[in-house]
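Enquirer: File query_3.txt below, compact mmCIF, C-alpha atoms (C1' of nucleotides):
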# COMPACT_ATOMS: atom_id res chain seq x y z
CA MET R 1 56.13 -10.17 57.91
CA ASN R 2 52.66 -11.53 57.86
CA GLU R 3 52.46 -15.12 56.73
CA SER R 4 48.74 -15.37 57.19
CA GLU R 5 47.95 -14.98 53.50
CA VAL R 6 47.01 -18.52 52.68
CA VAL R 7 47.65 -19.67 49.15
CA GLU R 8 45.66 -22.60 47.83
CA LEU R 9 47.91 -25.58 47.14
CA HIS R 10 47.31 -25.84 43.45
CA LYS R 11 48.03 -22.16 42.90
CA ALA R 12 51.05 -22.31 45.17
CA SER R 13 52.62 -25.17 43.25
CA GLN R 14 51.94 -23.35 40.00
CA ILE R 15 53.71 -20.23 41.27
CA LEU R 16 56.59 -22.23 42.73
CA LYS R 17 57.06 -24.07 39.46
CA LEU R 18 57.38 -20.73 37.69
CA LEU R 19 59.90 -19.50 40.25
CA GLY R 20 61.72 -22.82 40.09
CA ASP R 21 63.63 -21.71 37.05
CA LYS R 22 66.81 -19.79 37.70
CA THR R 23 66.26 -17.32 34.90
CA ARG R 24 62.70 -16.48 35.91
CA LEU R 25 63.59 -16.34 39.59
CA THR R 26 66.39 -13.89 38.88
CA MET R 27 64.06 -11.85 36.69
CA MET R 28 61.57 -11.57 39.51
CA LYS R 29 64.23 -10.59 42.02
CA LEU R 30 65.50 -7.94 39.64
CA LEU R 31 62.00 -6.63 39.03
CA GLN R 32 61.59 -6.23 42.77
CA THR R 33 63.88 -3.22 42.53
CA HIS R 34 64.00 -2.21 38.86
CA ASP R 35 61.50 -2.23 36.06
CA CYS R 36 63.24 -3.77 33.08
CA CYS R 37 62.62 -4.00 29.38
CA VAL R 38 63.14 -7.07 27.28
CA CYS R 39 66.40 -5.99 25.72
CA GLU R 40 67.91 -5.39 29.14
CA PHE R 41 67.10 -8.92 30.14
CA VAL R 42 68.65 -10.15 26.92
CA GLU R 43 71.87 -8.40 27.87
CA ILE R 44 71.80 -9.52 31.48
CA PHE R 45 71.12 -13.17 30.81
CA LYS R 46 73.11 -13.46 27.57
CA MET R 47 70.16 -15.31 26.18
CA SER R 48 68.26 -14.99 22.92
CA GLN R 49 65.44 -12.46 22.75
CA PRO R 50 62.75 -15.09 22.11
CA ALA R 51 63.90 -17.09 25.11
CA ILE R 52 63.50 -14.01 27.29
CA SER R 53 60.13 -13.20 25.78
CA GLN R 54 58.90 -16.68 26.52
CA HIS R 55 59.96 -16.55 30.14
CA LEU R 56 58.24 -13.20 30.53
CA ARG R 57 55.12 -14.54 28.91
CA LYS R 58 54.89 -17.34 31.45
CA LEU R 59 55.23 -14.87 34.29
CA ARG R 60 52.64 -12.61 32.69
CA ASP R 61 50.21 -15.43 31.98
CA VAL R 62 49.75 -16.05 35.68
CA GLY R 63 49.78 -12.33 36.42
CA LEU R 64 53.03 -12.15 38.36
CA VAL R 65 54.31 -9.35 36.15
CA LYS R 66 52.68 -6.73 33.99
CA GLU R 67 53.91 -4.97 30.90
CA GLU R 68 53.77 -1.36 29.91
CA ARG R 69 54.97 0.32 26.78
CA ARG R 70 57.31 3.27 27.24
CA GLY R 71 58.36 4.76 23.93
CA GLN R 72 59.83 2.02 21.83
CA TRP R 73 60.35 -0.33 24.74
CA ILE R 74 58.07 -2.54 26.70
CA PHE R 75 58.87 -2.51 30.37
CA TYR R 76 57.99 -5.26 32.74
CA SER R 77 57.27 -4.76 36.40
CA ILE R 78 56.02 -6.82 39.30
CA ASN R 79 52.25 -6.94 39.55
CA ASN R 80 51.64 -6.01 43.14
CA GLU R 81 47.91 -6.38 42.66
CA HIS R 82 48.31 -10.11 42.22
CA GLU R 83 46.26 -12.02 44.74
CA ASP R 84 49.34 -13.92 45.90
CA TYR R 85 51.75 -11.02 45.75
CA PRO R 86 52.58 -11.31 49.48
CA PHE R 87 53.51 -14.95 49.00
CA VAL R 88 55.78 -14.14 46.09
CA GLN R 89 57.41 -11.25 47.92
CA SER R 90 58.11 -13.36 50.96
CA ILE R 91 59.99 -15.77 48.71
CA LEU R 92 61.91 -13.06 46.88
CA ASN R 93 62.89 -11.49 50.19
CA HIS R 94 65.04 -14.51 50.92
CA LEU R 95 67.12 -14.00 47.80
CA PRO R 96 70.30 -11.97 47.53
CA GLU R 97 70.04 -8.63 45.79
CA GLN R 98 70.81 -8.80 42.09
CA ASN R 99 71.43 -5.12 41.62
CA GLY R 100 74.91 -5.87 40.43
CA LEU R 101 73.42 -7.10 37.20
CA VAL R 102 71.80 -3.72 36.56
CA VAL R 103 74.87 -1.83 37.68
CA ASP R 104 76.92 -3.78 35.16
CA LEU R 105 74.43 -2.86 32.48
CA GLU R 106 74.76 0.79 33.37
CA ALA R 107 78.53 0.51 33.31
CA GLN R 108 78.26 -0.78 29.78
CA GLY R 109 75.92 2.08 28.92
CA LEU R 110 73.21 -0.41 28.07
CA ARG R 111 70.67 0.54 30.68
CA ILE R 112 67.56 1.90 29.06
CA SER R 113 66.07 4.98 30.57
CA CYS R 114 63.43 6.46 28.38
CA ASN R 115 61.99 9.58 29.92
CA MET A 1 59.27 -14.19 60.83
CA ASN A 2 62.86 -13.55 60.05
CA GLU A 3 63.52 -13.27 56.36
CA SER A 4 67.17 -12.52 56.73
CA GLU A 5 68.30 -16.03 55.89
CA VAL A 6 69.59 -15.44 52.40
CA VAL A 7 69.44 -18.34 50.01
CA GLU A 8 71.76 -18.36 47.03
CA LEU A 9 69.84 -18.08 43.77
CA HIS A 10 70.85 -21.38 42.30
CA LYS A 11 69.92 -23.27 45.43
CA ALA A 12 66.70 -21.34 45.78
CA SER A 13 65.57 -22.18 42.26
CA GLN A 14 66.44 -25.81 42.86
CA ILE A 15 64.31 -25.92 46.00
CA LEU A 16 61.46 -24.04 44.36
CA LYS A 17 61.50 -26.44 41.44
CA LEU A 18 61.12 -29.32 43.86
CA LEU A 19 58.26 -27.59 45.65
CA GLY A 20 56.72 -26.65 42.31
CA ASP A 21 55.09 -30.04 42.05
CA LYS A 22 51.72 -30.38 43.72
CA THR A 23 52.39 -33.85 45.09
CA ARG A 24 55.75 -32.94 46.62
CA LEU A 25 54.45 -29.64 47.95
CA THR A 26 51.55 -31.40 49.67
CA MET A 27 53.96 -34.00 51.05
CA MET A 28 56.11 -31.30 52.58
CA LYS A 29 53.11 -29.53 54.08
CA LEU A 30 51.92 -32.80 55.58
CA LEU A 31 55.36 -33.56 56.95
CA GLN A 32 55.32 -30.20 58.68
CA THR A 33 52.86 -31.71 61.16
CA HIS A 34 53.09 -35.51 60.77
CA ASP A 35 55.88 -37.89 60.03
CA CYS A 36 54.59 -40.23 57.34
CA CYS A 37 55.65 -43.54 55.89
CA VAL A 38 55.60 -44.40 52.22
CA CYS A 39 52.46 -46.50 52.32
CA GLU A 40 50.54 -43.66 53.92
CA PHE A 41 51.49 -41.38 51.09
CA VAL A 42 50.42 -44.06 48.64
CA GLU A 43 46.95 -44.05 50.26
CA ILE A 44 46.72 -40.28 50.52
CA PHE A 45 47.73 -39.52 46.97
CA LYS A 46 46.15 -42.58 45.35
CA MET A 47 49.38 -42.97 43.46
CA SER A 48 51.61 -45.97 42.81
CA GLN A 49 54.26 -46.83 45.36
CA PRO A 50 57.16 -46.27 42.98
CA ALA A 51 55.81 -42.85 42.06
CA ILE A 52 55.73 -41.91 45.74
CA SER A 53 59.20 -43.33 46.31
CA GLN A 54 60.57 -41.29 43.47
CA HIS A 55 59.10 -38.05 44.77
CA LEU A 56 60.52 -38.78 48.21
CA ARG A 57 63.89 -39.54 46.75
CA LYS A 58 64.03 -36.15 45.06
CA LEU A 59 63.20 -34.44 48.33
CA ARG A 60 65.77 -36.54 50.14
CA ASP A 61 68.47 -36.00 47.53
CA VAL A 62 68.56 -32.30 48.33
CA GLY A 63 68.19 -32.98 52.03
CA LEU A 64 64.73 -31.48 52.54
CA VAL A 65 63.52 -34.65 54.22
CA LYS A 66 65.18 -37.48 56.06
CA GLU A 67 64.18 -41.09 56.45
CA GLU A 68 64.19 -43.32 59.47
CA ARG A 69 63.23 -46.93 59.77
CA ARG A 70 60.66 -47.81 62.42
CA GLY A 71 59.90 -51.48 62.46
CA GLN A 72 58.85 -52.55 59.03
CA TRP A 73 58.16 -49.01 57.86
CA ILE A 74 60.36 -46.20 56.75
CA PHE A 75 59.15 -42.87 58.02
CA TYR A 76 59.95 -39.59 56.40
CA SER A 77 60.20 -36.33 58.25
CA ILE A 78 61.27 -32.80 57.51
CA ASN A 79 64.97 -32.23 57.90
CA ASN A 80 65.10 -29.18 60.10
CA GLU A 81 68.87 -29.21 60.00
CA HIS A 82 68.83 -28.28 56.33
CA GLU A 83 70.71 -25.10 55.67
CA ASP A 84 67.68 -23.57 54.00
CA TYR A 85 65.09 -24.94 56.37
CA PRO A 86 63.86 -21.45 57.33
CA PHE A 87 63.29 -20.64 53.68
CA VAL A 88 61.29 -23.81 53.15
CA GLN A 89 59.26 -23.29 56.30
CA SER A 90 58.37 -19.75 55.36
CA ILE A 91 56.94 -21.10 52.12
CA LEU A 92 55.04 -23.93 53.76
CA ASN A 93 53.58 -21.52 56.30
CA HIS A 94 51.60 -19.90 53.52
CA LEU A 95 49.84 -23.13 52.66
CA PRO A 96 46.57 -24.36 54.11
CA GLU A 97 46.78 -27.18 56.62
CA GLN A 98 46.44 -30.61 55.05
CA ASN A 99 45.62 -32.44 58.24
CA GLY A 100 42.34 -33.54 56.75
CA LEU A 101 44.28 -35.98 54.62
CA VAL A 102 45.73 -37.69 57.69
CA VAL A 103 42.41 -37.58 59.52
CA ASP A 104 40.79 -39.37 56.57
CA LEU A 105 43.52 -41.99 56.78
CA GLU A 106 42.81 -42.53 60.44
CA ALA A 107 39.09 -42.78 59.76
CA GLN A 108 39.86 -45.57 57.32
CA GLY A 109 42.05 -47.22 59.91
CA LEU A 110 45.05 -46.90 57.62
CA ARG A 111 47.18 -44.64 59.73
CA ILE A 112 50.38 -46.36 60.72
CA SER A 113 51.50 -45.95 64.27
CA CYS A 114 54.28 -48.31 65.16
CA ASN A 115 55.23 -47.92 68.77
C1' DA V 1 55.56 5.03 2.57
C1' DC V 2 59.93 2.86 4.00
C1' DA V 3 63.43 1.27 6.86
C1' DC V 4 64.84 0.27 11.51
C1' DT V 5 64.25 -1.31 16.16
C1' DA V 6 61.88 -3.84 19.84
C1' DT V 7 59.12 -7.52 20.92
C1' DA V 8 56.05 -11.54 20.15
C1' DT V 9 54.87 -15.78 18.08
C1' DA V 10 55.56 -20.20 15.54
C1' DA V 11 57.96 -24.26 14.49
C1' DT V 12 61.32 -27.39 15.86
C1' DC V 13 64.24 -30.02 18.78
C1' DA V 14 66.86 -31.98 22.72
C1' DT V 15 66.42 -32.82 27.36
C1' DA V 16 63.83 -33.18 31.73
C1' DT V 17 60.01 -34.85 34.23
C1' DG V 18 56.65 -37.92 36.15
C1' DC V 19 54.33 -41.85 35.58
C1' DT V 20 53.93 -47.03 34.67
C1' DT V 21 55.39 -51.94 34.96
C1' DA V 22 58.83 -55.14 36.32
C1' DT V 23 62.20 -56.39 39.48
C1' DA V 24 65.47 -56.03 43.47
C1' DT V 25 66.30 -55.42 48.35
C1' DA V 26 65.49 -55.89 53.05
C1' DA V 27 63.04 -56.56 57.27
C1' DG V 28 59.42 -59.33 59.91
C1' DC V 29 57.46 -63.59 60.90
C1' DA V 30 55.70 -68.66 60.39
C1' DT C 1 64.41 -71.24 55.63
C1' DG C 2 60.84 -69.52 52.99
C1' DC C 3 56.76 -66.34 52.66
C1' DT C 4 54.99 -61.81 53.13
C1' DT C 5 55.19 -56.91 53.45
C1' DA C 6 57.41 -52.42 52.71
C1' DT C 7 60.32 -49.85 50.01
C1' DA C 8 63.77 -48.83 46.34
C1' DT C 9 65.52 -49.07 41.82
C1' DA C 10 65.52 -49.82 36.74
C1' DA C 11 63.65 -49.44 32.25
C1' DG C 12 60.41 -47.55 29.18
C1' DC C 13 57.36 -44.06 27.60
C1' DA C 14 54.41 -39.90 26.99
C1' DT C 15 54.33 -35.23 27.95
C1' DA C 16 56.43 -30.87 29.52
C1' DT C 17 60.03 -27.63 29.31
C1' DG C 18 63.44 -24.47 27.66
C1' DA C 19 66.23 -23.36 24.08
C1' DT C 20 67.02 -22.14 18.98
C1' DT C 21 65.99 -20.22 14.31
C1' DA C 22 62.71 -18.08 11.38
C1' DT C 23 59.09 -14.98 10.89
C1' DA C 24 55.31 -11.73 12.19
C1' DT C 25 53.84 -7.51 14.43
C1' DA C 26 54.05 -2.96 15.89
C1' DG C 27 56.03 1.38 17.06
C1' DT C 28 59.74 5.27 15.56
C1' DG C 29 61.93 8.14 12.70
C1' DT C 30 63.26 9.56 7.83
Written as structure tokens, how would this file's structure read?
Expert:
Amino acid sequence: MNESEVVELHKASQILKLLGDKTRLTMMKLLQTHDCCVCEFVEIFKMSQPAISQHLRKLRDVGLVKEERRGQWIFYSINNEHEDYPFVQSILNHLPEQNGLVVDLEAQGLRISCN
Amino acid sequence: MNESEVVELHKASQILKLLGDKTRLTMMKLLQTHDCCVCEFVEIFKMSQPAISQHLRKLRDVGLVKEERRGQWIFYSINNEHEDYPFVQSILNHLPEQNGLVVDLEAQGLRISCN
DNA sequence: ACACTATATAATCATATGCTTATATAAGCA
DNA sequence: TGCTTATATAAGCATATGATTATATAGTGT
């Protein structure tokens, strides 16, 4: 890993504050391996749809994730063009995989795959 | 760098929330290279003493820093015995050095060195 | 065009956060 | 012992945050 990408302090604290919420942190870890749409997050976190939307908006506002419409769903994915993407990845790499959450969704037949 | 130290999600978000404050994040970066006492932080951040104390308490409550009395001052330092010390370090390593803050202190003759 | 589904936004509210002022504690020193 | 300095704690307050419910927007399919 290369830790030489220096992140300005103000930006770093802004990013860390965003990641300092368990829901958003889990979202980011999930997005590291799976693009997800809003309704999947709603299922995974057992949280209201607006609550999910608002978390995603915060992540999008600073450019950590991007959205893309696929059919009737809007999928979110990690924005690897973000200037501080390496910083974010290095944090996420310390977290345990959350694939179980997606696997559970699939088991329930709730995983969206629109292709 | 070894990113294999896995930090449980709840703990990670708790740590990131603490670091998601510009004052505390700068404190931690400073402590990476210099032990500091409370009054030095007060000078550096131009912030009230209770405000500084409260930030330090939050960092201490989760064990990220430890305190040690030296003469009439209480010095804070990074707790490198913390279970998630590697995680914290890997974050701090992305931040620009803040030594200028301490150098300025010294220039003003306000650096405490009690030995 | 109409109904249905997915998502976003707005308004509201309870709780959390970070600061301030006032006060307590505790060590150093005359 | 009493004064001074360094730090911690308590109380109060303004703002931020994260949730909820209600509503708007925008595709999809009939």
Enquirer: Taking all atoms listed in the file into account, find every residue of chain V that has an atom no more than 12 Å from chain R, and write it out as an MDAnalysis selection string.
Expert: chainID V and resid 4:10
Enquirer: Listing only residues of chain C within 10 Å of chain R, what is the closest atom pair and its distance in Å (to one decimal) for each, using all atoms listed in the file, sorted by chain and residue number ascending, as CSV?
Expert:
residue,atom,partner,partner_atom,distance
C:DG18,C1',R:Ala51,CA,7.8
C:DA19,C1',R:Ala51,CA,6.8
C:DT20,C1',R:Ser48,CA,8.3
C:DT21,C1',R:Pro50,CA,9.9
C:DA26,C1',R:Gln72,CA,9.7
C:DG27,C1',R:Gln72,CA,6.1
C:DT28,C1',R:Gln72,CA,7.1
Enquirer: When you get a sec, could you note down which chain A residues fall within 6 Å of chain R, using all atoms listed in the file, as a PDB file with C-alpha atoms, in the coordinates of the input?
Expert:
ATOM      1  CA  MET A   1      59.270 -14.190  60.830  1.00  0.00           C
ATOM      2  CA  GLU A   3      63.520 -13.270  56.360  1.00  0.00           C
ATOM      3  CA  VAL A   6      69.590 -15.440  52.400  1.00  0.00           C
ATOM      4  CA  VAL A   7      69.440 -18.340  50.010  1.00  0.00           C
ATOM      5  CA  SER A  13      65.570 -22.180  42.260  1.00  0.00           C
ATOM      6  CA  LEU A  16      61.460 -24.040  44.360  1.00  0.00           C
ATOM      7  CA  LYS A  17      61.500 -26.440  41.440  1.00  0.00           C
ATOM      8  CA  GLY A  20      56.720 -26.650  42.310  1.00  0.00           C
ATOM      9  CA  ASP A  21      55.090 -30.040  42.050  1.00  0.00           C
ATOM     10  CA  LYS A  22      51.720 -30.380  43.720  1.00  0.00           C
ATOM     11  CA  HIS A  94      51.600 -19.900  53.520  1.00  0.00           C
ATOM     12  CA  LEU A  95      49.840 -23.130  52.660  1.00  0.00           C
TER      13      LEU A  95
END
Enquirer: Using only C-alpha atoms (C1' of nucleotides), which protein or nucleic acid residues come within 10 Å of stretch 40-44 of chain R? Drop anything in the same chain fewer than 6 positions from it, and give the result as a list in words.
Expert: Thr23, Met27, Leu30, Pro50, Ala51, Ile52, Ser53, Leu56, Phe75, Leu101, Val102, Asp104, Leu105, Leu110, Arg111 and Ile112 of chain R
Enquirer: Let's have chain R fitted on chain A; use all the C-alpha atoms paired in order for the least-squares step and return it as a PDB file with C-alpha atoms, keeping the file's coordinate frame.
Expert:
ATOM      1  CA  MET R   1      59.338 -14.308  60.997  1.00  0.00           C
ATOM      2  CA  ASN R   2      62.882 -13.588  60.093  1.00  0.00           C
ATOM      3  CA  GLU R   3      63.468 -13.313  56.380  1.00  0.00           C
ATOM      4  CA  SER R   4      67.121 -12.505  56.714  1.00  0.00           C
ATOM      5  CA  GLU R   5      68.288 -16.010  55.850  1.00  0.00           C
ATOM      6  CA  VAL R   6      69.569 -15.408  52.374  1.00  0.00           C
ATOM      7  CA  VAL R   7      69.414 -18.315  49.982  1.00  0.00           C
ATOM      8  CA  GLU R   8      71.747 -18.317  47.008  1.00  0.00           C
ATOM      9  CA  LEU R   9      69.811 -18.047  43.753  1.00  0.00           C
ATOM     10  CA  HIS R  10      70.837 -21.330  42.265  1.00  0.00           C
ATOM     11  CA  LYS R  11      69.917 -23.237  45.408  1.00  0.00           C
ATOM     12  CA  ALA R  12      66.681 -21.311  45.748  1.00  0.00           C
ATOM     13  CA  SER R  13      65.548 -22.173  42.241  1.00  0.00           C
ATOM     14  CA  GLN R  14      66.453 -25.799  42.849  1.00  0.00           C
ATOM     15  CA  ILE R  15      64.330 -25.896  46.005  1.00  0.00           C
ATOM     16  CA  LEU R  16      61.458 -24.036  44.355  1.00  0.00           C
ATOM     17  CA  LYS R  17      61.492 -26.437  41.434  1.00  0.00           C
ATOM     18  CA  LEU R  18      61.129 -29.322  43.871  1.00  0.00           C
ATOM     19  CA  LEU R  19      58.256 -27.591  45.650  1.00  0.00           C
ATOM     20  CA  GLY R  20      56.712 -26.671  42.314  1.00  0.00           C
ATOM     21  CA  ASP R  21      55.078 -30.046  42.057  1.00  0.00           C
ATOM     22  CA  LYS R  22      51.714 -30.390  43.726  1.00  0.00           C
ATOM     23  CA  THR R  23      52.393 -33.845  45.083  1.00  0.00           C
ATOM     24  CA  ARG R  24      55.747 -32.937  46.608  1.00  0.00           C
ATOM     25  CA  LEU R  25      54.443 -29.642  47.949  1.00  0.00           C
ATOM     26  CA  THR R  26      51.569 -31.412  49.668  1.00  0.00           C
ATOM     27  CA  MET R  27      53.974 -34.006  51.036  1.00  0.00           C
ATOM     28  CA  MET R  28      56.106 -31.297  52.568  1.00  0.00           C
ATOM     29  CA  LYS R  29      53.118 -29.532  54.082  1.00  0.00           C
ATOM     30  CA  LEU R  30      51.933 -32.805  55.559  1.00  0.00           C
ATOM     31  CA  LEU R  31      55.374 -33.576  56.937  1.00  0.00           C
ATOM     32  CA  GLN R  32      55.333 -30.219  58.682  1.00  0.00           C
ATOM     33  CA  THR R  33      52.871 -31.717  61.144  1.00  0.00           C
ATOM     34  CA  HIS R  34      53.089 -35.500  60.764  1.00  0.00           C
ATOM     35  CA  ASP R  35      55.882 -37.896  60.021  1.00  0.00           C
ATOM     36  CA  CYS R  36      54.603 -40.236  57.343  1.00  0.00           C
ATOM     37  CA  CYS R  37      55.648 -43.538  55.882  1.00  0.00           C
ATOM     38  CA  VAL R  38      55.591 -44.408  52.229  1.00  0.00           C
ATOM     39  CA  CYS R  39      52.456 -46.504  52.324  1.00  0.00           C
ATOM     40  CA  GLU R  40      50.533 -43.666  53.933  1.00  0.00           C
ATOM     41  CA  PHE R  41      51.481 -41.389  51.099  1.00  0.00           C
ATOM     42  CA  VAL R  42      50.394 -44.050  48.645  1.00  0.00           C
ATOM     43  CA  GLU R  43      46.970 -44.057  50.258  1.00  0.00           C
ATOM     44  CA  ILE R  44      46.717 -40.293  50.509  1.00  0.00           C
ATOM     45  CA  PHE R  45      47.731 -39.532  46.956  1.00  0.00           C
ATOM     46  CA  LYS R  46      46.143 -42.588  45.320  1.00  0.00           C
ATOM     47  CA  MET R  47      49.356 -42.974  43.428  1.00  0.00           C
ATOM     48  CA  SER R  48      51.581 -45.968  42.772  1.00  0.00           C
ATOM     49  CA  GLN R  49      54.210 -46.827  45.366  1.00  0.00           C
ATOM     50  CA  PRO R  50      57.139 -46.253  42.988  1.00  0.00           C
ATOM     51  CA  ALA R  51      55.810 -42.830  42.073  1.00  0.00           C
ATOM     52  CA  ILE R  52      55.738 -41.898  45.750  1.00  0.00           C
ATOM     53  CA  SER R  53      59.188 -43.332  46.331  1.00  0.00           C
ATOM     54  CA  GLN R  54      60.577 -41.281  43.496  1.00  0.00           C
ATOM     55  CA  HIS R  55      59.113 -38.052  44.789  1.00  0.00           C
ATOM     56  CA  LEU R  56      60.530 -38.777  48.224  1.00  0.00           C
ATOM     57  CA  ARG R  57      63.900 -39.549  46.742  1.00  0.00           C
ATOM     58  CA  LYS R  58      64.048 -36.153  45.070  1.00  0.00           C
ATOM     59  CA  LEU R  59      63.214 -34.444  48.336  1.00  0.00           C
ATOM     60  CA  ARG R  60      65.795 -36.551  50.146  1.00  0.00           C
ATOM     61  CA  ASP R  61      68.488 -35.993  47.539  1.00  0.00           C
ATOM     62  CA  VAL R  62      68.575 -32.297  48.328  1.00  0.00           C
ATOM     63  CA  GLY R  63      68.192 -32.968  52.041  1.00  0.00           C
ATOM     64  CA  LEU R  64      64.741 -31.487  52.546  1.00  0.00           C
ATOM     65  CA  VAL R  65      63.516 -34.658  54.221  1.00  0.00           C
ATOM     66  CA  LYS R  66      65.182 -37.490  56.063  1.00  0.00           C
ATOM     67  CA  GLU R  67      64.180 -41.095  56.465  1.00  0.00           C
ATOM     68  CA  GLU R  68      64.167 -43.318  59.480  1.00  0.00           C
ATOM     69  CA  ARG R  69      63.205 -46.928  59.797  1.00  0.00           C
ATOM     70  CA  ARG R  70      60.620 -47.758  62.446  1.00  0.00           C
ATOM     71  CA  GLY R  71      59.841 -51.455  62.539  1.00  0.00           C
ATOM     72  CA  GLN R  72      58.819 -52.520  59.090  1.00  0.00           C
ATOM     73  CA  TRP R  73      58.149 -49.004  57.886  1.00  0.00           C
ATOM     74  CA  ILE R  74      60.350 -46.202  56.778  1.00  0.00           C
ATOM     75  CA  PHE R  75      59.145 -42.869  58.023  1.00  0.00           C
ATOM     76  CA  TYR R  76      59.952 -39.600  56.408  1.00  0.00           C
ATOM     77  CA  SER R  77      60.220 -36.329  58.251  1.00  0.00           C
ATOM     78  CA  ILE R  78      61.284 -32.790  57.505  1.00  0.00           C
ATOM     79  CA  ASN R  79      65.001 -32.220  57.890  1.00  0.00           C
ATOM     80  CA  ASN R  80      65.137 -29.180  60.096  1.00  0.00           C
ATOM     81  CA  GLU R  81      68.914 -29.200  59.986  1.00  0.00           C
ATOM     82  CA  HIS R  82      68.838 -28.280  56.323  1.00  0.00           C
ATOM     83  CA  GLU R  83      70.727 -25.086  55.668  1.00  0.00           C
ATOM     84  CA  ASP R  84      67.684 -23.558  53.982  1.00  0.00           C
ATOM     85  CA  TYR R  85      65.101 -24.941  56.360  1.00  0.00           C
ATOM     86  CA  PRO R  86      63.882 -21.439  57.327  1.00  0.00           C
ATOM     87  CA  PHE R  87      63.279 -20.631  53.676  1.00  0.00           C
ATOM     88  CA  VAL R  88      61.296 -23.803  53.148  1.00  0.00           C
ATOM     89  CA  GLN R  89      59.265 -23.285  56.305  1.00  0.00           C
ATOM     90  CA  SER R  90      58.385 -19.750  55.351  1.00  0.00           C
ATOM     91  CA  ILE R  91      56.949 -21.106  52.110  1.00  0.00           C
ATOM     92  CA  LEU R  92      55.054 -23.941  53.768  1.00  0.00           C
ATOM     93  CA  ASN R  93      53.598 -21.518  56.295  1.00  0.00           C
ATOM     94  CA  HIS R  94      51.605 -19.908  53.518  1.00  0.00           C
ATOM     95  CA  LEU R  95      49.856 -23.151  52.658  1.00  0.00           C
ATOM     96  CA  PRO R  96      46.587 -24.389  54.102  1.00  0.00           C
ATOM     97  CA  GLU R  97      46.796 -27.201  56.612  1.00  0.00           C
ATOM     98  CA  GLN R  98      46.459 -30.632  55.056  1.00  0.00           C
ATOM     99  CA  ASN R  99      45.629 -32.458  58.238  1.00  0.00           C
ATOM    100  CA  GLY R 100      42.368 -33.560  56.742  1.00  0.00           C
ATOM    101  CA  LEU R 101      44.295 -35.993  54.614  1.00  0.00           C
ATOM    102  CA  VAL R 102      45.726 -37.692  57.700  1.00  0.00           C
ATOM    103  CA  VAL R 103      42.421 -37.581  59.520  1.00  0.00           C
ATOM    104  CA  ASP R 104      40.813 -39.369  56.592  1.00  0.00           C
ATOM    105  CA  LEU R 105      43.513 -41.997  56.763  1.00  0.00           C
ATOM    106  CA  GLU R 106      42.821 -42.527  60.432  1.00  0.00           C
ATOM    107  CA  ALA R 107      39.112 -42.774  59.743  1.00  0.00           C
ATOM    108  CA  GLN R 108      39.868 -45.559  57.319  1.00  0.00           C
ATOM    109  CA  GLY R 109      42.075 -47.217  59.922  1.00  0.00           C
ATOM    110  CA  LEU R 110      45.037 -46.887  57.602  1.00  0.00           C
ATOM    111  CA  ARG R 111      47.194 -44.613  59.687  1.00  0.00           C
ATOM    112  CA  ILE R 112      50.358 -46.369  60.711  1.00  0.00           C
ATOM    113  CA  SER R 113      51.441 -45.974  64.268  1.00  0.00           C
ATOM    114  CA  CYS R 114      54.195 -48.340  65.150  1.00  0.00           C
ATOM    115  CA  ASN R 115      55.223 -47.935  68.750  1.00  0.00           C
TER     116      ASN R 115
END
Enquirer: As an exercise, work out the distance from atom CA of A:Met28 to atom CA of A:Ile78 in Å and give it to one decimal place.
Expert: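 Rounded to one decimal, the two atoms are 7.3 Å apart.
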Enquirer: Do you have the atom CA of R:Gln89-atom CA of R:His34 distance handy?
Expert: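 Interatomic distance, atom CA of R:Gln89 to atom CA of R:His34: 14.4 Å.
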Enquirer: So which residues are close to (67.1, -57.8, 39.0), meaning at most 10 Å away in the file's coordinates with only C-alpha atoms (C1' of nucleotides) counted, and can you show them as a ChimeraX atom specification?
Expert: /V:22-25 /C:9-10
Enquirer: State, in Å with one decimal place, the distance from atom C1' of C:DT30 to atom CA of R:Arg70.
Expert: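 These atoms are spaced 21.3 Å apart.
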Enquirer: Do you know which residues are at most 10 Å from C:DC3 counting all atoms listed in the file, after dropping those on the same chain fewer than 2 positions away, and could you put them as a VMD selection string?
Expert: (chain V and resid 29 to 30) or (chain C and resid 1 5)
Enquirer: Mind dumping the selected residues with C-alpha atoms (C1' of nucleotides) as an mmCIF file, in the frame of the given file?
Expert:
data_model
loop_
_atom_site.group_PDB
_atom_site.id
_atom_site.type_symbol
_atom_site.label_atom_id
_atom_site.label_comp_id
_atom_site.auth_asym_id
_atom_site.auth_seq_id
_atom_site.Cartn_x
_atom_site.Cartn_y
_atom_site.Cartn_z
ATOM 1 C "C1'" DC V 29 57.460 -63.590 60.900
ATOM 2 C "C1'" DA V 30 55.700 -68.660 60.390
ATOM 3 C "C1'" DT C 1 64.410 -71.240 55.630
ATOM 4 C "C1'" DT C 5 55.190 -56.910 53.450
#
